[in-house]
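Colleague: mmCIF, C-alpha atoms, saved as work_4.cif, coming up:
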```
data_entry
loop_
_atom_site.label_atom_id
_atom_site.label_comp_id
_atom_site.auth_asym_id
_atom_site.auth_seq_id
_atom_site.Cartn_x
_atom_site.Cartn_y
_atom_site.Cartn_z
CA MET A 1 0.00 0.00 0.00
CA GLU A 2 1.35 3.35 -1.03
CA ARG A 3 1.54 6.46 1.13
CA THR A 4 2.68 9.68 -0.48
CA GLY A 5 2.86 13.36 0.39
CA GLU A 6 4.69 15.26 3.07
CA GLU A 7 1.69 15.65 5.35
CA LYS A 8 2.36 15.78 9.07
CA VAL A 9 -0.47 15.21 11.51
CA HIS A 10 -0.74 14.94 15.26
CA HIS A 11 -0.24 11.28 16.05
CA ARG A 12 -2.26 9.64 18.80
CA PRO A 13 -0.63 7.22 21.25
CA VAL A 14 1.76 5.10 19.24
CA PRO A 15 1.07 1.36 19.20
CA LEU A 16 4.13 -0.86 19.35
CA PRO A 17 4.96 -2.99 16.32
CA PRO A 18 3.26 -6.40 16.44
CA VAL A 19 6.16 -8.48 17.75
CA GLN A 20 6.88 -6.13 20.63
CA GLU A 21 3.22 -5.51 21.48
CA LEU A 22 2.41 -9.20 21.58
CA ALA A 23 5.37 -9.80 23.89
CA ALA A 24 4.20 -6.92 26.08
CA ALA A 25 0.65 -8.28 26.31
CA LYS A 26 1.22 -10.48 29.34
CA GLY A 27 -1.16 -13.37 29.56
CA ALA A 28 -2.32 -12.93 25.98
CA GLY A 29 -1.55 -16.56 25.19
CA ASP A 30 -2.76 -17.43 21.72
CA ASP A 31 -4.71 -14.21 21.26
CA VAL A 32 -3.70 -11.07 19.41
CA PRO A 33 -4.01 -7.56 20.89
CA ALA A 34 -7.44 -6.08 20.24
CA ARG A 35 -6.00 -3.31 18.05
CA TYR A 36 -5.10 -5.91 15.41
CA VAL A 37 -8.35 -7.88 15.29
CA ALA A 38 -9.75 -7.19 11.82
CA ARG A 39 -12.12 -10.10 11.27
CA ARG A 40 -13.72 -13.17 12.78
CA ALA A 41 -12.88 -16.65 11.65
CA HIS A 42 -16.31 -17.23 10.13
CA ASP A 43 -16.07 -14.02 8.07
CA ASP A 44 -13.54 -15.65 5.74
CA PRO A 45 -14.49 -19.30 5.24
CA ASP A 46 -12.01 -19.97 2.42
CA ALA A 47 -8.99 -20.52 4.64
CA THR A 48 -7.13 -22.18 1.76
CA ALA A 49 -7.45 -19.94 -1.27
CA ALA A 50 -6.84 -21.25 -4.77
CA ALA A 51 -3.61 -20.26 -6.49
CA ALA A 52 -4.07 -17.43 -8.98
CA PRO A 53 -2.96 -18.33 -12.51
CA VAL A 54 -1.00 -15.11 -12.72
CA PRO A 55 0.68 -14.76 -16.14
CA VAL A 56 4.47 -14.93 -16.26
CA ILE A 57 6.06 -12.47 -18.70
CA ASP A 58 9.56 -12.88 -20.11
CA LEU A 59 10.68 -9.25 -20.29
CA GLY A 60 13.57 -9.93 -22.64
CA CYS A 61 11.26 -11.75 -25.02
CA LEU A 62 8.57 -9.07 -24.74
CA CYS A 63 10.99 -6.38 -25.86
CA GLN A 64 12.48 -8.33 -28.78
CA THR A 65 12.05 -6.93 -32.28
CA THR A 66 14.53 -9.03 -34.28
CA ALA A 67 12.59 -10.98 -36.91
CA ALA A 68 15.56 -13.15 -37.89
CA SER A 69 15.49 -14.99 -34.59
CA GLY A 70 11.72 -15.16 -34.40
CA GLY A 71 11.77 -12.26 -32.01
CA GLU A 72 8.70 -10.49 -33.35
CA GLU A 73 6.56 -13.62 -33.11
CA SER A 74 7.80 -14.36 -29.60
CA ALA A 75 7.25 -10.75 -28.54
CA ALA A 76 3.69 -10.88 -29.88
CA GLY A 77 2.97 -13.92 -27.73
CA GLU A 78 4.35 -12.20 -24.65
CA ALA A 79 2.34 -9.06 -25.46
CA ALA A 80 -0.85 -11.12 -25.65
CA ARG A 81 -0.13 -12.61 -22.23
CA LEU A 82 0.63 -9.14 -20.88
CA ARG A 83 -2.65 -7.76 -22.24
CA SER A 84 -4.56 -10.61 -20.59
CA ALA A 85 -2.81 -9.95 -17.29
CA LEU A 86 -3.47 -6.21 -17.30
CA GLN A 87 -7.13 -6.54 -18.24
CA SER A 88 -7.96 -9.35 -15.82
CA TRP A 89 -5.67 -9.69 -12.81
CA GLY A 90 -3.96 -6.29 -12.88
CA LEU A 91 -0.71 -7.96 -11.92
CA PHE A 92 1.85 -10.32 -13.44
CA LEU A 93 5.19 -11.96 -12.77
CA VAL A 94 8.32 -10.94 -14.67
CA THR A 95 11.29 -13.15 -15.45
CA ASN A 96 14.40 -12.37 -17.52
CA HIS A 97 14.24 -8.84 -16.13
CA GLY A 98 17.99 -8.30 -16.01
CA ILE A 99 18.37 -7.73 -12.27
CA GLU A 100 21.15 -9.88 -10.87
CA ALA A 101 20.02 -12.56 -8.44
CA SER A 102 22.87 -11.58 -6.13
CA LEU A 103 21.51 -8.02 -5.85
CA MET A 104 18.00 -9.25 -5.11
CA ASP A 105 19.35 -11.57 -2.43
CA ALA A 106 21.42 -8.74 -0.94
CA VAL A 107 18.37 -6.47 -0.68
CA MET A 108 16.33 -9.15 1.08
CA GLU A 109 19.16 -9.99 3.46
CA ALA A 110 19.77 -6.31 4.32
CA SER A 111 16.04 -5.86 4.92
CA ARG A 112 15.97 -8.86 7.22
CA GLU A 113 19.01 -7.50 9.06
CA PHE A 114 17.24 -4.20 9.70
CA PHE A 115 14.02 -5.72 11.04
CA ARG A 116 15.92 -8.10 13.33
CA GLN A 117 17.58 -5.22 15.15
CA PRO A 118 16.34 -4.26 18.63
CA LEU A 119 13.37 -1.91 18.66
CA GLU A 120 15.53 0.89 20.04
CA GLU A 121 17.83 0.67 17.00
CA LYS A 122 14.97 0.64 14.50
CA ARG A 123 13.37 3.66 16.15
CA LYS A 124 16.43 5.71 15.27
CA HIS A 125 14.73 5.83 11.87
CA THR A 126 11.28 6.66 13.25
CA ASN A 127 8.49 8.21 11.20
CA LEU A 128 7.42 10.35 14.16
CA VAL A 129 8.83 13.86 14.37
CA ASP A 130 9.40 14.87 18.00
CA GLY A 131 7.75 11.62 18.98
CA GLU A 132 4.23 12.67 17.98
CA HIS A 133 3.95 14.10 14.44
CA PHE A 134 3.54 11.53 11.68
CA GLN A 135 5.56 11.79 8.50
CA LEU A 136 5.52 9.48 5.51
CA GLU A 137 9.11 8.33 5.66
CA GLY A 138 10.76 6.23 8.30
CA TYR A 139 10.13 3.20 10.47
CA GLY A 140 6.92 2.49 12.35
CA ASN A 141 3.23 2.02 11.78
CA ASP A 142 1.23 3.56 8.99
CA ARG A 143 -0.76 6.62 9.96
CA VAL A 144 -3.08 5.95 12.89
CA ALA A 145 -6.10 8.22 12.50
CA SER A 146 -8.12 7.14 15.54
CA GLU A 147 -7.96 5.06 18.71
CA ASP A 148 -10.35 2.46 17.26
CA GLN A 149 -8.53 2.03 13.94
CA VAL A 150 -7.67 -1.61 13.29
CA LEU A 151 -3.93 -2.00 12.78
CA ASP A 152 -2.08 -4.29 10.40
CA TRP A 153 0.15 -7.12 11.64
CA CYS A 154 3.17 -5.55 9.99
CA ASP A 155 6.27 -3.51 10.72
CA ARG A 156 7.35 -1.25 7.88
CA LEU A 157 10.15 1.03 6.74
CA TYR A 158 9.22 3.62 4.13
CA LEU A 159 11.78 5.65 2.18
CA LYS A 160 11.62 8.09 -0.72
CA VAL A 161 14.13 7.01 -3.35
CA GLU A 162 13.28 9.23 -6.33
CA PRO A 163 13.88 12.02 -7.20
CA GLN A 164 17.33 11.32 -5.81
CA GLU A 165 17.83 14.90 -4.65
CA GLU A 166 14.81 14.50 -2.32
CA ARG A 167 16.18 11.49 -0.45
CA ASN A 168 16.36 11.86 3.31
CA LEU A 169 19.45 9.75 3.86
CA ALA A 170 19.33 10.30 7.61
CA LEU A 171 16.41 7.86 7.66
CA TRP A 172 18.16 5.25 5.51
CA PRO A 173 19.61 2.42 7.63
CA THR A 174 23.30 1.89 6.93
CA CYS A 175 22.74 -1.76 6.03
CA LEU A 176 20.36 -0.77 3.23
CA ARG A 177 21.92 2.30 1.66
CA ASP A 178 24.15 0.84 -1.04
CA VAL A 179 21.92 -2.06 -2.04
CA LEU A 180 18.78 0.08 -2.12
CA HIS A 181 20.46 2.62 -4.38
CA GLU A 182 21.47 -0.11 -6.83
CA PHE A 183 18.14 -1.91 -6.60
CA THR A 184 16.24 1.32 -7.30
CA LYS A 185 18.29 1.94 -10.44
CA GLU A 186 17.64 -1.58 -11.69
CA CYS A 187 13.91 -1.50 -10.94
CA THR A 188 13.55 1.86 -12.68
CA ARG A 189 15.22 0.36 -15.73
CA VAL A 190 12.68 -2.49 -15.68
CA LYS A 191 9.82 -0.02 -15.32
CA ASP A 192 11.11 2.05 -18.23
CA ARG A 193 11.18 -1.06 -20.43
CA LEU A 194 7.67 -2.12 -19.43
CA LEU A 195 5.78 1.14 -19.85
CA PRO A 196 6.23 1.49 -23.64
CA GLU A 197 5.03 -2.08 -24.10
CA MET A 198 1.95 -1.34 -22.02
CA ALA A 199 1.25 1.84 -23.99
CA LYS A 200 1.39 -0.12 -27.25
CA LEU A 201 -1.37 -2.43 -26.02
CA LEU A 202 -3.67 0.61 -25.85
CA GLU A 203 -2.42 1.96 -29.20
CA LEU A 204 -1.00 4.98 -27.41
CA ASP A 205 2.36 6.57 -28.21
CA ASP A 206 5.19 4.46 -26.82
CA ASP A 207 6.27 7.26 -24.48
CA TYR A 208 2.75 8.15 -23.29
CA PHE A 209 3.00 6.67 -19.79
CA VAL A 210 6.61 7.75 -19.33
CA ASN A 211 5.62 11.34 -20.18
CA GLN A 212 2.60 11.19 -17.88
CA LEU A 213 4.79 10.37 -14.90
CA GLY A 214 6.59 13.72 -15.25
CA ASP A 215 10.04 14.89 -14.27
CA LYS A 216 9.15 15.03 -10.57
CA ALA A 217 7.54 11.61 -10.31
CA ASP A 218 7.74 10.04 -6.86
CA THR A 219 9.23 6.65 -6.12
CA HIS A 220 9.03 5.18 -2.64
CA ALA A 221 10.46 1.95 -1.27
CA ARG A 222 8.46 0.08 1.32
CA PHE A 223 9.98 -2.74 3.36
CA ASN A 224 7.35 -4.93 5.04
CA TYR A 225 8.02 -7.37 7.85
CA TYR A 226 5.18 -9.70 8.83
CA PRO A 227 6.00 -11.57 12.05
CA PRO A 228 4.34 -14.90 12.89
CA CYS A 229 0.79 -14.31 14.11
CA PRO A 230 -0.83 -16.64 16.66
CA ARG A 231 -4.29 -16.07 15.13
CA PRO A 232 -4.11 -15.68 11.34
CA ASP A 233 -7.91 -15.93 11.27
CA LEU A 234 -8.19 -12.65 13.19
CA ALA A 235 -5.46 -10.33 11.88
CA PHE A 236 -4.39 -9.14 8.45
CA GLY A 237 -0.81 -8.40 7.48
CA LEU A 238 -2.32 -5.67 5.30
CA LYS A 239 -6.03 -4.93 5.00
CA PRO A 240 -7.71 -5.26 1.58
CA HIS A 241 -6.86 -2.26 -0.60
CA SER A 242 -5.78 -1.14 -4.04
CA ASP A 243 -2.66 0.98 -4.55
CA ALA A 244 -3.23 4.68 -5.17
CA THR A 245 -0.04 4.85 -7.22
CA PHE A 246 0.81 4.19 -10.88
CA ILE A 247 2.70 0.90 -10.84
CA SER A 248 4.69 -1.09 -8.29
CA LEU A 249 7.51 -3.63 -8.46
CA LEU A 250 7.43 -6.19 -5.68
CA MET A 251 9.98 -8.70 -4.47
CA VAL A 252 8.77 -11.21 -1.89
CA ASP A 253 10.12 -13.94 0.30
CA ASN A 254 9.79 -16.95 -2.00
CA SER A 255 9.48 -19.42 0.88
CA VAL A 256 6.41 -17.87 2.57
CA GLY A 257 3.19 -16.89 0.81
CA GLY A 258 0.60 -14.43 2.04
CA LEU A 259 -0.26 -12.01 -0.76
CA GLN A 260 -3.79 -12.52 -2.09
CA VAL A 261 -5.69 -10.83 -4.92
CA LEU A 262 -9.46 -10.39 -5.29
CA ARG A 263 -11.16 -11.29 -8.55
CA ASP A 264 -14.89 -11.72 -9.12
CA GLY A 265 -15.51 -11.84 -5.38
CA VAL A 266 -12.97 -14.62 -4.75
CA TRP A 267 -9.59 -14.34 -3.03
CA TYR A 268 -6.65 -16.07 -4.73
CA ASP A 269 -3.12 -16.72 -3.50
CA VAL A 270 -0.50 -14.92 -5.58
CA PRO A 271 2.43 -17.24 -6.27
CA ALA A 272 5.94 -16.27 -5.20
CA ARG A 273 8.95 -17.33 -7.28
CA LEU A 274 12.61 -16.98 -6.48
CA HIS A 275 14.29 -14.00 -8.19
CA THR A 276 11.05 -13.06 -9.98
CA LEU A 277 9.42 -9.63 -9.79
CA LEU A 278 5.70 -9.12 -9.28
CA ILE A 279 4.32 -6.10 -11.14
CA ASN A 280 1.13 -4.61 -9.69
CA LEU A 281 -0.91 -1.86 -11.33
CA GLY A 282 -2.22 1.06 -9.28
CA ASP A 283 -5.27 3.30 -9.44
CA GLN A 284 -3.47 5.94 -11.51
CA MET A 285 -2.95 3.41 -14.30
CA GLU A 286 -6.59 2.30 -14.14
CA ILE A 287 -7.74 5.90 -14.43
CA MET A 288 -5.43 6.75 -17.36
CA SER A 289 -6.42 3.57 -19.22
CA ASN A 290 -10.10 4.41 -18.61
CA GLY A 291 -10.60 1.14 -16.79
CA ILE A 292 -9.13 -1.12 -19.49
CA PHE A 293 -6.22 -2.00 -17.20
CA LYS A 294 -7.19 -3.00 -13.66
CA SER A 295 -5.86 -1.87 -10.30
CA PRO A 296 -6.41 -5.03 -8.24
CA VAL A 297 -7.71 -5.18 -4.71
CA HIS A 298 -5.23 -7.21 -2.69
CA ARG A 299 -4.34 -8.04 0.89
CA VAL A 300 -1.75 -9.89 2.94
CA VAL A 301 -2.76 -12.72 5.26
CA THR A 302 -0.66 -13.75 8.22
CA ASN A 303 1.12 -16.99 9.04
CA ALA A 304 1.11 -18.68 12.44
CA GLU A 305 4.60 -20.13 12.19
CA LYS A 306 6.73 -18.18 9.74
CA GLU A 307 7.81 -14.58 9.31
CA ARG A 308 7.47 -12.99 5.87
CA LEU A 309 9.35 -10.17 4.20
CA SER A 310 8.64 -8.10 1.09
CA VAL A 311 10.22 -5.12 -0.64
CA VAL A 312 8.13 -2.87 -2.89
CA LEU A 313 8.98 0.09 -5.11
CA PHE A 314 5.96 2.32 -5.77
CA TYR A 315 6.04 4.64 -8.78
CA SER A 316 3.63 7.57 -8.74
CA VAL A 317 2.89 10.47 -11.09
CA ASP A 318 4.29 13.89 -10.15
CA PRO A 319 2.01 14.88 -7.24
CA GLU A 320 1.39 18.34 -8.72
CA ARG A 321 -0.03 16.90 -11.93
CA GLU A 322 -3.60 16.02 -12.84
CA ILE A 323 -4.51 12.70 -14.42
CA GLN A 324 -7.50 11.57 -16.44
CA PRO A 325 -8.33 8.92 -19.04
CA ALA A 326 -6.12 9.19 -22.12
CA GLY A 327 -7.85 11.23 -24.83
CA LYS A 328 -7.24 8.58 -27.51
CA LEU A 329 -9.27 6.09 -25.48
CA ILE A 330 -12.37 8.29 -25.35
CA ASP A 331 -15.07 8.53 -28.03
CA GLU A 332 -18.84 8.44 -28.27
CA ASN A 333 -18.85 4.70 -27.69
CA HIS A 334 -16.26 4.84 -24.91
CA PRO A 335 -17.09 7.71 -22.54
CA PRO A 336 -14.74 8.60 -19.70
CA LEU A 337 -15.31 6.45 -16.63
CA TYR A 338 -13.16 8.58 -14.31
CA LYS A 339 -12.93 12.27 -13.44
CA LYS A 340 -9.82 14.38 -13.75
CA VAL A 341 -8.05 14.24 -10.39
CA LYS A 342 -5.00 15.94 -8.94
CA VAL A 343 -2.54 13.28 -7.87
CA LYS A 344 -1.61 14.92 -4.57
CA GLU A 345 -5.24 15.24 -3.52
CA TYR A 346 -6.14 11.76 -4.69
CA VAL A 347 -3.34 10.13 -2.72
CA ALA A 348 -4.16 12.24 0.33
CA GLY A 349 -7.65 10.74 0.22
CA LEU A 350 -6.11 7.31 0.51
CA TYR A 351 -5.34 7.81 4.21
CA GLU A 352 -8.94 8.16 5.29
CA HIS A 353 -10.29 5.50 2.98
CA PHE A 354 -7.68 2.89 3.84
CA SER A 355 -8.13 3.34 7.59
CA GLN A 356 -11.87 2.75 7.09
CA GLY A 357 -11.42 -0.23 4.79
CA LYS A 358 -12.76 1.69 1.77
CA MET A 359 -11.41 2.07 -1.77
CA VAL A 360 -10.36 5.59 -2.73
CA ILE A 361 -10.77 4.90 -6.46
CA GLU A 362 -14.52 5.00 -5.96
CA THR A 363 -14.21 8.77 -5.46
CA ALA A 364 -12.75 9.17 -8.98
CA LYS A 365 -15.47 7.27 -10.82
CA ILE A 366 -18.08 9.13 -12.85
#
```
Please express the file's structure as structure tokens.
Modeller:
Amino acid sequence: MERTGEEKVHHRPVPLPPVQELAAAKGAGDDVPARYVARRAHDDPDATAAAAPVPVIDLGCLCQTTAASGGEESAAGEAARLRSALQSWGLFLVTNHGIEASLMDAVMEASREFFRQPLEEKRKHTNLVDGEHFQLEGYGNDRVASEDQVLDWCDRLYLKVEPQEERNLALWPTCLRDVLHEFTKECTRVKDRLLPEMAKLLELDDDYFVNQLGDKADTHARFNYYPPCPRPDLAFGLKPHSDATFISLLMVDNSVGGLQVLRDGVWYDVPARLHTLLINLGDQMEIMSNGIFKSPVHRVVTNAEKERLSVVLFYSVDPEREIQPAGKLIDENHPPLYKKVKVKEYVAGLYEHFSQGKMVIETAKI
């Protein structure tokens, strides 16, 4: 889930991260603290969700144009799979992306190293200014808007990585600095290869989406740590939501599942593969494609025995820009389905809607 903007708000009493709060709840036994109870067991009868047949895209093949080696035919097949993914699931897996496996492993290991530090060390990178004013970046909970807000069973570290001149390196843990810089460069390269291929599927100019992002587009890295939860039937790692951003690149712990996607009223498990990226579309892409491409509702479920880690890079349009459905996609038979919205205001609306379990994209629909 994306959080953008530089908003600071008065923060109510700060709940401890799940691991520490559970340890502090003496006598809790197999229960979870009340602040994390999001559902009852009978509310979600499908405890074992079916695996989603998420398409796997070979990025190298997708971008081929050399007819002599059969490249055009292979690329056409990959493009067809990509179109199916974007119009149905709103997410897909990417192989042959060019990011070295050693770099991906280094990012995951550095992330694990950070979250395994004592709480006092992690709080040196806190997202609370003067101990009470919430800011986007840093370590801690997401914004807590009220005392009765249900919290997610998740610790997180959130850092702005692009534009580079806007990085707050004081909040970057030493163990992550070098690998995050390199990983950001590589993920941005992947994103820049994908966007023209996605524009082609809509018969837009190849550089349409790249130009829409703007020179001051935001990129944020989110590191999620989901500790073992004694009652997975009661607590979510992340509540159901769609991302308010443009597109995200996700790397997950391949040994522990948990990410689920909603389609036609059914929750499906999203597969995790070693050294494979998961690409997830956000609301901004759905709006600009006039609903042709989908921003999927997804959530993270908890695990009673195993911890889980994920690293996400969220790409968002310049917050000062306005977005709307692409003009070439609108005609008398295809009216606009979404209003023009200012990115900064749209993302700001995410806070309230997410805390209430609502979808902010509903506010943009005509």
Colleague: Run through the PyMOL selection byres ((chain A and resi 186) around 12) on the given coordinates and return the selected residues as a list of chain:residue names.
Modeller: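 Answer for the PyMOL selection byres ((chain A and resi 186) around 12): A:His97, A:Gly98, A:Ile99, A:Glu100, A:Ala101, A:Leu103, A:Met104, A:Val179, A:Leu180, A:His181, A:Glu182, A:Phe183, A:Thr184, A:Lys185, A:Cys187, A:Thr188, A:Arg189, A:Val190, A:Lys191, A:Asp192, A:Arg193, A:Leu249, A:Leu277, A:Leu313.
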Colleague: Please write the residues picked by the PyMOL selection byres ((chain A and resi 315) around 8) on this file as an MDAnalysis selection string.
Modeller: chainID A and resid 217:220 245:248 313:314 316:317
Colleague: I'd like to see the residues matched by the PyMOL selection byres ((chain A and resi 364-366) around 9) on this file, and ideally I'd get them as a list in words.
Modeller: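 Taken on the displayed file, the PyMOL selection byres ((chain A and resi 364-366) around 9) yields the residues Ile287, Pro336, Leu337, Tyr338, Lys339, Lys340, Val341, Tyr346, Val360, Ile361, Glu362 and Thr363 of chain A.
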Colleague: What is the distance, in Å and to one decimal place, between atom CA of Pro118 of chain A and atom CA of Pro173 of chain A?
Modeller: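 Atom-to-atom, atom CA of Pro118 of chain A and atom CA of Pro173 of chain A are spaced 13.3 Å apart.
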Colleague: State, in Å with one decimal place, the distance from atom CA of Asp215 of chain A to atom CA of Gln64 of chain A.
Modeller: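 Separating atom CA of Asp215 of chain A from atom CA of Gln64 of chain A is a distance of 27.5 Å.
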